[in-house]
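Q: This is the structure I have questions about; it appears just below.
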Amino acid sequence: MASRVFLDIVDPWVNWGWLSTHVPYVLAAVQEHVTLTAIAVVAGFAISLPFGVVAHRWTRLRFPILTAFGIFYTIPSIAMFALLIPYTGLGGVTAEIPLIGYNVLVLVRNVMVGLDSVPAEVLDAADGMGYRPLARLFRIELPLALPAIFAGLRVATVSTIGIVTITAVIGLGGLGQLILRGLIESFHTPLVVATVLSIVLALVADLGLAGAQRFAVPWARPA
Amino acid sequence: MSVLGSVIQWMADPAQWQGPDGIPTRLGEHLHLSIESVVIGAVIALPLGIALGHFGRFGNLAINVSNVGRAVPSFGILVIAFQAFGLGDGPIILALTALAIPPMVTNSYVALREVDPDVKDAARGMGYRELRQVLRIELPLAVPLIMAGVRTSAVQVVATATVAALVAGGGLGRYIVDGLARSDYPRLLAGALLVALLALATELLLAGVQRLLVPRGIRLKEAPVNRVITVKTA
């Protein structure tokens with residue numbers, strides 16, 4: 001408040017003049033944001049696939065797997081970043097380890113639930129047709145688990161886009177850098193633009209994945 | 001000196017246990033911010049979700065509110081609240097409350113929707129009036145999922161209250177933010193450990209409360225994992 005009185009000007013929520021001259025700067029932040037998110041979701045998915053299959057097959061391992069990732073998921077991201085700094089420094093690795101870990105919980109659960117939901121008759125039919133276990137998994141079970149997997153991917157992606165802004169505290173952040181700048185300089189424009197763009201990015205990613213799901217799972221299309 | 005050793009030494013220092021920057025004060029601030037936000041959020045969200053679920057109206061709204069809530073960056077909302085309303089607990093609690101509401105609305109809506117229609121018919125047949133039916137029949141059956149929503153919100157609020165230290169808020173996040181700013185690793189790590197423990201304690205405590213609130217007759221019907229709304233905003 002004091003600085004605004006001192007400068008004797010009212011800072012508008014969006015200064016369009018500033019924005020028009022800073023398009024490349026904003027786009028660079030968006031690009032970093034998308035990259036950080038994509039790595040976290042793709043790596044999280046790659047790790048969760050085997051864990052999800054294991055949790056589906058061996059029900060005894062279900063509880064330990066879900067509990068371990070559940071504990072990780074409960075720990076706030078800012079605390080995770082802080083705990084990693086002495087080991088991995090400030091930067092990409094410190095940002096990605098927690099982001100990937102959070103996505104693993106969401107995706108393991110959905111892979112498992114998706115595989116659980118495959119009807120027993122379908123499995124019998126596949127066995128009767130001579131599918132071997134691995135071929136049955138990849139050709140029959142995982143495709144039928146896709147709706148649940150896509151639901152998990154959507155939740156994971158949207159959440160990650162929001163949490164990436166917090167990596168601004170360790171020098172990254174994508175759009176989070178603009179939020180931090182808005183805070184430090186008491187300058188509204190980057191703050192508002194970054195918050196709105198982060199929401200838009202999340203909604204676009206969600207819609208994109210919903211579209212991909214319709215394409216990948218044509219049999220589940222609502223009539 | 002090992003990293004862990006320096007953290008233990010920092011925690012063992014009596015100076016960390018007193019004064020305005022002491023652990024008890026910071027923990028108290030963190031709890032104050034979190035509890036107030038979750039309680040205000042619950043007072044708004046639960047009646048709304050329960051009413052929408054009972055009458056089966058505006059289902060899309062009730063479901064989508066948590067999808068949109070997930071898309072809102074908590075860091076951005078905290079900074080906007082700070083810039084709009086200035087320093088103090090009020091703006092932080094406002095932002096935290098806004099983040100706490102969506103999961104509770106969605107979960108309580110789904111919880112009421114999933115009450116077996118036959119049970120509702122039976123209640124009506126026994127002469128229960130609308131309000132009594134909601135309070136005595138539907139709510140007890142919906143408790144597992146409603147509490148799952150409260151738990152999700154509470155853990156997220158505790159996490160996001162940590163981020164509030166960036167906008168000059170109090171709470172345990174101060175140690176992380178100040179530790180980073182001063183390159184004071186023992187402070188940074190001790191803060192991170194305390195925040196992690198507080199989040200886990202919140203989760204465990206509310207899981208216990210949930211267990212106590214679930215009527216004995218449906219104890220075995222825990223909230224199924226695939227129906228609990230997952231939300232992680234911080």
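Quick note on naming: the chains in the structure tokens go A, B, ... in the order shown, residues restart at 1 in each chain, and ligands are numbered from 1 in order of appearance.
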Give me, as a list in words, all polymer residues having an atom no more than 6 Å from range 62-68 of chain B, counting only C-alpha atoms and skipping those fewer than 4 positions away in the same chain.

A: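 Listing them by chain and then by number gives Pro102, Pro103 and Thr106 of chain B.
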
Q: Counting only C-alpha atoms, which residues from chain B have an atom at most 9 Å from any atom of chain A, and could you show them as JSON, numbers by chain?

A: {"B": [3, 67, 68, 70, 71, 72, 73, 74, 75, 76, 77, 79, 80, 82, 83, 86, 155, 156, 158, 159, 160, 162, 163, 166, 167, 173, 176, 177, 180, 185, 188, 189, 190, 191, 192, 193, 194, 195, 196, 197, 198, 199, 200, 203, 225, 226, 230, 231, 232, 233, 234]}

Q: Select from range 111-190 of chain B every residue with an atom at most 7 Å from any atom of range 206-215 of chain B, then for each give the shortest pair of atoms and their distance in Å to one decimal, using only C-alpha atoms, rows by chain and rising number, as JSON lines.

A:
{"residue": "B:Pro140", "atom": "CA", "partner": "B:Pro215", "partner_atom": "CA", "distance": 6.4}
{"residue": "B:Val143", "atom": "CA", "partner": "B:Val214", "partner_atom": "CA", "distance": 6.0}
{"residue": "B:Pro144", "atom": "CA", "partner": "B:Val214", "partner_atom": "CA", "distance": 6.2}
{"residue": "B:Met147", "atom": "CA", "partner": "B:Gln210", "partner_atom": "CA", "distance": 5.8}
{"residue": "B:Arg151", "atom": "CA", "partner": "B:Leu206", "partner_atom": "CA", "distance": 5.9}

Q: Could you save those same residues with C-alpha atoms as a JSON list (two decimals), in the first residue's frame?

A:
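Contents of selection27.json, freshly written:
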[["chain", "number", "residue", "atom", "x", "y", "z"],
["B", 140, "PRO", "CA", -24.74, -41.18, 8.46],
["B", 143, "VAL", "CA", -20.09, -39.82, 6.30],
["B", 144, "PRO", "CA", -17.16, -41.83, 4.84],
["B", 147, "MET", "CA", -15.05, -36.93, 5.66],
["B", 151, "ARG", "CA", -9.54, -34.60, 4.92]]

Q: CA of Ala120 in chain A and CA of Ala68 in chain A are how many Å apart?

A: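 Computing the Euclidean distance for CA of Ala120 in chain A and CA of Ala68 in chain A yields 29.1 Å.
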
Q: Just asking: which residues within range 1-222 of chain A are alpha helix (DSSP H) according to DSSP, as a PDB file with C-alpha atoms, in the first residue's frame?

A:
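New file result.pdb:
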ATOM      1  CA  ALA A   2       2.758   2.415   1.032  1.00  0.00           C
ATOM      2  CA  SER A   3       4.646   2.100  -2.225  1.00  0.00           C
ATOM      3  CA  ARG A   4       1.491   2.777  -4.214  1.00  0.00           C
ATOM      4  CA  VAL A   5       0.809   5.972  -2.234  1.00  0.00           C
ATOM      5  CA  PHE A   6       4.430   6.983  -2.651  1.00  0.00           C
ATOM      6  CA  LEU A   7       4.353   6.539  -6.417  1.00  0.00           C
ATOM      7  CA  TRP A  16      -1.934  -3.828 -21.456  1.00  0.00           C
ATOM      8  CA  GLY A  17       0.966  -1.656 -22.590  1.00  0.00           C
ATOM      9  CA  TRP A  18       3.429  -3.645 -20.508  1.00  0.00           C
ATOM     10  CA  LEU A  19       1.889  -6.889 -21.659  1.00  0.00           C
ATOM     11  CA  SER A  20       2.118  -5.974 -25.355  1.00  0.00           C
ATOM     12  CA  THR A  21       5.861  -5.350 -25.055  1.00  0.00           C
ATOM     13  CA  VAL A  23       4.882 -11.163 -25.116  1.00  0.00           C
ATOM     14  CA  PRO A  24       8.146 -13.120 -25.701  1.00  0.00           C
ATOM     15  CA  TYR A  25       8.892 -12.986 -21.960  1.00  0.00           C
ATOM     16  CA  VAL A  26       5.452 -14.402 -21.120  1.00  0.00           C
ATOM     17  CA  LEU A  27       5.704 -17.047 -23.835  1.00  0.00           C
ATOM     18  CA  ALA A  28       9.102 -18.184 -22.510  1.00  0.00           C
ATOM     19  CA  ALA A  29       7.500 -18.652 -19.100  1.00  0.00           C
ATOM     20  CA  VAL A  30       4.641 -20.629 -20.636  1.00  0.00           C
ATOM     21  CA  GLN A  31       7.152 -22.805 -22.467  1.00  0.00           C
ATOM     22  CA  GLU A  32       9.115 -23.536 -19.276  1.00  0.00           C
ATOM     23  CA  HIS A  33       5.836 -24.272 -17.514  1.00  0.00           C
ATOM     24  CA  VAL A  34       4.750 -26.749 -20.186  1.00  0.00           C
ATOM     25  CA  THR A  35       8.162 -28.452 -20.214  1.00  0.00           C
ATOM     26  CA  LEU A  36       8.248 -28.894 -16.423  1.00  0.00           C
ATOM     27  CA  THR A  37       4.690 -30.264 -16.505  1.00  0.00           C
ATOM     28  CA  ALA A  38       5.260 -32.611 -19.447  1.00  0.00           C
ATOM     29  CA  ILE A  39       8.349 -34.187 -17.854  1.00  0.00           C
ATOM     30  CA  ALA A  40       6.501 -34.700 -14.572  1.00  0.00           C
ATOM     31  CA  VAL A  41       3.455 -36.310 -16.182  1.00  0.00           C
ATOM     32  CA  VAL A  42       5.307 -38.496 -18.711  1.00  0.00           C
ATOM     33  CA  ALA A  43       7.895 -39.730 -16.188  1.00  0.00           C
ATOM     34  CA  GLY A  44       5.210 -40.199 -13.545  1.00  0.00           C
ATOM     35  CA  PHE A  45       3.160 -42.270 -15.970  1.00  0.00           C
ATOM     36  CA  ALA A  46       6.159 -44.404 -16.987  1.00  0.00           C
ATOM     37  CA  ILE A  47       6.904 -45.195 -13.339  1.00  0.00           C
ATOM     38  CA  SER A  48       3.296 -45.795 -12.339  1.00  0.00           C
ATOM     39  CA  LEU A  49       2.545 -48.312 -15.095  1.00  0.00           C
ATOM     40  CA  PRO A  50       4.620 -51.199 -13.652  1.00  0.00           C
ATOM     41  CA  PHE A  51       3.577 -50.322 -10.088  1.00  0.00           C
ATOM     42  CA  GLY A  52      -0.077 -50.223 -11.145  1.00  0.00           C
ATOM     43  CA  VAL A  53       0.191 -53.627 -12.829  1.00  0.00           C
ATOM     44  CA  VAL A  54       1.921 -55.076  -9.741  1.00  0.00           C
ATOM     45  CA  ALA A  55      -0.716 -53.603  -7.423  1.00  0.00           C
ATOM     46  CA  HIS A  56      -3.440 -55.083  -9.631  1.00  0.00           C
ATOM     47  CA  ARG A  57      -1.879 -58.578  -9.859  1.00  0.00           C
ATOM     48  CA  THR A  59      -3.297 -57.677  -4.007  1.00  0.00           C
ATOM     49  CA  ARG A  60      -1.015 -58.138  -1.021  1.00  0.00           C
ATOM     50  CA  LEU A  61       1.334 -55.444  -2.370  1.00  0.00           C
ATOM     51  CA  ARG A  62      -1.555 -53.030  -2.895  1.00  0.00           C
ATOM     52  CA  PHE A  63      -1.543 -51.613   0.607  1.00  0.00           C
ATOM     53  CA  PRO A  64       2.238 -51.063   0.903  1.00  0.00           C
ATOM     54  CA  ILE A  65       2.472 -49.464  -2.582  1.00  0.00           C
ATOM     55  CA  LEU A  66      -0.497 -47.131  -2.106  1.00  0.00           C
ATOM     56  CA  THR A  67       0.583 -46.239   1.440  1.00  0.00           C
ATOM     57  CA  ALA A  68       4.156 -45.415   0.426  1.00  0.00           C
ATOM     58  CA  PHE A  69       3.104 -43.123  -2.421  1.00  0.00           C
ATOM     59  CA  GLY A  70       0.227 -41.807  -0.300  1.00  0.00           C
ATOM     60  CA  ILE A  71       2.645 -40.601   2.375  1.00  0.00           C
ATOM     61  CA  PHE A  72       4.774 -38.920  -0.307  1.00  0.00           C
ATOM     62  CA  TYR A  73       1.632 -37.296  -1.777  1.00  0.00           C
ATOM     63  CA  THR A  74       0.616 -35.878   1.611  1.00  0.00           C
ATOM     64  CA  SER A  77       5.587 -29.636  -2.364  1.00  0.00           C
ATOM     65  CA  ILE A  78       7.398 -26.658  -0.851  1.00  0.00           C
ATOM     66  CA  ALA A  79       8.658 -28.913   1.968  1.00  0.00           C
ATOM     67  CA  MET A  80       9.784 -31.531  -0.570  1.00  0.00           C
ATOM     68  CA  PHE A  81      11.728 -28.927  -2.559  1.00  0.00           C
ATOM     69  CA  ALA A  82      13.367 -27.701   0.642  1.00  0.00           C
ATOM     70  CA  LEU A  83      14.304 -31.225   1.748  1.00  0.00           C
ATOM     71  CA  LEU A  84      15.939 -31.955  -1.612  1.00  0.00           C
ATOM     72  CA  ILE A  85      17.970 -28.739  -1.945  1.00  0.00           C
ATOM     73  CA  PRO A  86      21.025 -29.983   0.036  1.00  0.00           C
ATOM     74  CA  TYR A  87      21.215 -33.041  -2.221  1.00  0.00           C
ATOM     75  CA  THR A  88      20.145 -31.893  -5.674  1.00  0.00           C
ATOM     76  CA  GLY A  92      15.185 -29.044 -12.476  1.00  0.00           C
ATOM     77  CA  VAL A  93      15.931 -32.253 -10.571  1.00  0.00           C
ATOM     78  CA  THR A  94      14.743 -30.780  -7.268  1.00  0.00           C
ATOM     79  CA  ALA A  95      11.565 -29.601  -8.958  1.00  0.00           C
ATOM     80  CA  GLU A  96      10.816 -32.806 -10.826  1.00  0.00           C
ATOM     81  CA  ILE A  97      11.318 -35.422  -8.085  1.00  0.00           C
ATOM     82  CA  PRO A  98       8.312 -34.272  -6.010  1.00  0.00           C
ATOM     83  CA  LEU A  99       6.176 -33.507  -9.083  1.00  0.00           C
ATOM     84  CA  ILE A 100       6.829 -36.970 -10.517  1.00  0.00           C
ATOM     85  CA  GLY A 101       6.199 -38.623  -7.144  1.00  0.00           C
ATOM     86  CA  TYR A 102       2.801 -36.920  -6.755  1.00  0.00           C
ATOM     87  CA  ASN A 103       1.741 -38.025 -10.230  1.00  0.00           C
ATOM     88  CA  VAL A 104       2.803 -41.596  -9.515  1.00  0.00           C
ATOM     89  CA  LEU A 105       0.273 -41.869  -6.676  1.00  0.00           C
ATOM     90  CA  VAL A 106      -2.611 -40.580  -8.805  1.00  0.00           C
ATOM     91  CA  LEU A 107      -1.690 -42.748 -11.793  1.00  0.00           C
ATOM     92  CA  VAL A 108      -0.859 -45.981  -9.908  1.00  0.00           C
ATOM     93  CA  ARG A 109      -4.267 -45.851  -8.331  1.00  0.00           C
ATOM     94  CA  ASN A 110      -6.033 -45.279 -11.631  1.00  0.00           C
ATOM     95  CA  VAL A 111      -4.025 -47.916 -13.534  1.00  0.00           C
ATOM     96  CA  MET A 112      -4.890 -50.384 -10.769  1.00  0.00           C
ATOM     97  CA  VAL A 113      -8.584 -49.461 -10.684  1.00  0.00           C
ATOM     98  CA  GLY A 114      -8.734 -49.592 -14.490  1.00  0.00           C
ATOM     99  CA  LEU A 115      -7.176 -53.062 -14.632  1.00  0.00           C
ATOM    100  CA  ASP A 116      -9.445 -54.255 -11.818  1.00  0.00           C
ATOM    101  CA  ALA A 120     -13.492 -61.688 -15.982  1.00  0.00           C
ATOM    102  CA  GLU A 121     -15.275 -63.001 -19.112  1.00  0.00           C
ATOM    103  CA  VAL A 122     -13.055 -60.835 -21.294  1.00  0.00           C
ATOM    104  CA  LEU A 123      -9.966 -62.291 -19.635  1.00  0.00           C
ATOM    105  CA  ASP A 124     -11.345 -65.810 -20.098  1.00  0.00           C
ATOM    106  CA  ALA A 125     -12.026 -65.126 -23.752  1.00  0.00           C
ATOM    107  CA  ALA A 126      -8.485 -63.777 -24.228  1.00  0.00           C
ATOM    108  CA  ASP A 127      -7.014 -66.842 -22.537  1.00  0.00           C
ATOM    109  CA  GLY A 128      -9.203 -69.072 -24.703  1.00  0.00           C
ATOM    110  CA  PRO A 133      -0.003 -63.153 -20.091  1.00  0.00           C
ATOM    111  CA  LEU A 134       2.116 -60.267 -21.382  1.00  0.00           C
ATOM    112  CA  ALA A 135       0.274 -60.017 -24.695  1.00  0.00           C
ATOM    113  CA  ARG A 136      -3.040 -60.181 -22.817  1.00  0.00           C
ATOM    114  CA  LEU A 142      -4.452 -51.986 -20.677  1.00  0.00           C
ATOM    115  CA  PRO A 143      -6.646 -50.802 -23.584  1.00  0.00           C
ATOM    116  CA  LEU A 144      -9.745 -51.608 -21.532  1.00  0.00           C
ATOM    117  CA  ALA A 145      -8.232 -49.753 -18.560  1.00  0.00           C
ATOM    118  CA  LEU A 146      -7.718 -46.620 -20.697  1.00  0.00           C
ATOM    119  CA  PRO A 147     -10.767 -44.665 -19.453  1.00  0.00           C
ATOM    120  CA  ALA A 148      -9.507 -44.868 -15.852  1.00  0.00           C
ATOM    121  CA  ILE A 149      -5.924 -44.173 -16.966  1.00  0.00           C
ATOM    122  CA  PHE A 150      -7.030 -41.091 -18.902  1.00  0.00           C
ATOM    123  CA  ALA A 151      -9.015 -39.868 -15.902  1.00  0.00           C
ATOM    124  CA  GLY A 152      -5.811 -40.176 -13.861  1.00  0.00           C
ATOM    125  CA  LEU A 153      -3.728 -38.396 -16.497  1.00  0.00           C
ATOM    126  CA  ARG A 154      -6.176 -35.486 -16.520  1.00  0.00           C
ATOM    127  CA  VAL A 155      -6.093 -35.090 -12.739  1.00  0.00           C
ATOM    128  CA  ALA A 156      -2.291 -35.451 -12.674  1.00  0.00           C
ATOM    129  CA  THR A 157      -1.724 -32.924 -15.471  1.00  0.00           C
ATOM    130  CA  VAL A 158      -4.065 -30.275 -14.100  1.00  0.00           C
ATOM    131  CA  SER A 159      -2.635 -30.598 -10.563  1.00  0.00           C
ATOM    132  CA  THR A 160       0.939 -30.478 -11.845  1.00  0.00           C
ATOM    133  CA  ILE A 161       0.310 -27.259 -13.792  1.00  0.00           C
ATOM    134  CA  GLY A 162      -0.825 -25.618 -10.543  1.00  0.00           C
ATOM    135  CA  ILE A 163       2.034 -26.933  -8.405  1.00  0.00           C
ATOM    136  CA  VAL A 164       4.690 -25.979 -10.979  1.00  0.00           C
ATOM    137  CA  LEU A 175       4.466 -18.808 -14.904  1.00  0.00           C
ATOM    138  CA  GLY A 176       5.264 -18.966 -11.175  1.00  0.00           C
ATOM    139  CA  GLN A 177       8.257 -16.693 -11.886  1.00  0.00           C
ATOM    140  CA  LEU A 178       5.819 -14.026 -13.088  1.00  0.00           C
ATOM    141  CA  ILE A 179       3.707 -14.472  -9.960  1.00  0.00           C
ATOM    142  CA  LEU A 180       6.823 -14.113  -7.807  1.00  0.00           C
ATOM    143  CA  ARG A 181       7.839 -11.003  -9.737  1.00  0.00           C
ATOM    144  CA  GLY A 182       4.371  -9.543  -9.263  1.00  0.00           C
ATOM    145  CA  LEU A 183       4.759 -10.168  -5.531  1.00  0.00           C
ATOM    146  CA  ILE A 184       8.271  -8.751  -5.176  1.00  0.00           C
ATOM    147  CA  HIS A 188      -0.118  -6.584 -10.687  1.00  0.00           C
ATOM    148  CA  THR A 189       0.169  -7.322 -14.398  1.00  0.00           C
ATOM    149  CA  PRO A 190       2.562 -10.322 -14.388  1.00  0.00           C
ATOM    150  CA  LEU A 191       0.747 -11.727 -11.365  1.00  0.00           C
ATOM    151  CA  VAL A 192      -2.709 -11.607 -12.936  1.00  0.00           C
ATOM    152  CA  VAL A 193      -1.526 -12.660 -16.389  1.00  0.00           C
ATOM    153  CA  ALA A 194       0.374 -15.656 -14.991  1.00  0.00           C
ATOM    154  CA  THR A 195      -2.486 -16.795 -12.757  1.00  0.00           C
ATOM    155  CA  VAL A 196      -5.000 -16.567 -15.589  1.00  0.00           C
ATOM    156  CA  LEU A 197      -2.626 -18.281 -18.043  1.00  0.00           C
ATOM    157  CA  SER A 198      -1.972 -21.074 -15.558  1.00  0.00           C
ATOM    158  CA  ILE A 199      -5.729 -21.715 -15.258  1.00  0.00           C
ATOM    159  CA  VAL A 200      -6.131 -21.534 -19.052  1.00  0.00           C
ATOM    160  CA  LEU A 201      -3.196 -23.917 -19.542  1.00  0.00           C
ATOM    161  CA  ALA A 202      -4.769 -26.397 -17.112  1.00  0.00           C
ATOM    162  CA  LEU A 203      -8.175 -26.220 -18.781  1.00  0.00           C
ATOM    163  CA  VAL A 204      -6.670 -26.555 -22.274  1.00  0.00           C
ATOM    164  CA  ALA A 205      -4.596 -29.569 -21.166  1.00  0.00           C
ATOM    165  CA  ASP A 206      -7.698 -31.115 -19.595  1.00  0.00           C
ATOM    166  CA  LEU A 207      -9.737 -30.596 -22.770  1.00  0.00           C
ATOM    167  CA  GLY A 208      -6.879 -31.894 -24.923  1.00  0.00           C
ATOM    168  CA  LEU A 209      -6.617 -35.073 -22.869  1.00  0.00           C
ATOM    169  CA  ALA A 210     -10.400 -35.489 -22.977  1.00  0.00           C
ATOM    170  CA  GLY A 211     -10.173 -35.266 -26.770  1.00  0.00           C
ATOM    171  CA  ALA A 212      -7.298 -37.740 -26.859  1.00  0.00           C
ATOM    172  CA  GLN A 213      -9.377 -40.077 -24.732  1.00  0.00           C
ATOM    173  CA  ARG A 214     -12.294 -39.945 -27.178  1.00  0.00           C
ATOM    174  CA  PHE A 215      -9.858 -40.766 -29.944  1.00  0.00           C
ATOM    175  CA  ALA A 216      -8.118 -43.586 -28.063  1.00  0.00           C
TER     176      ALA A 216
END
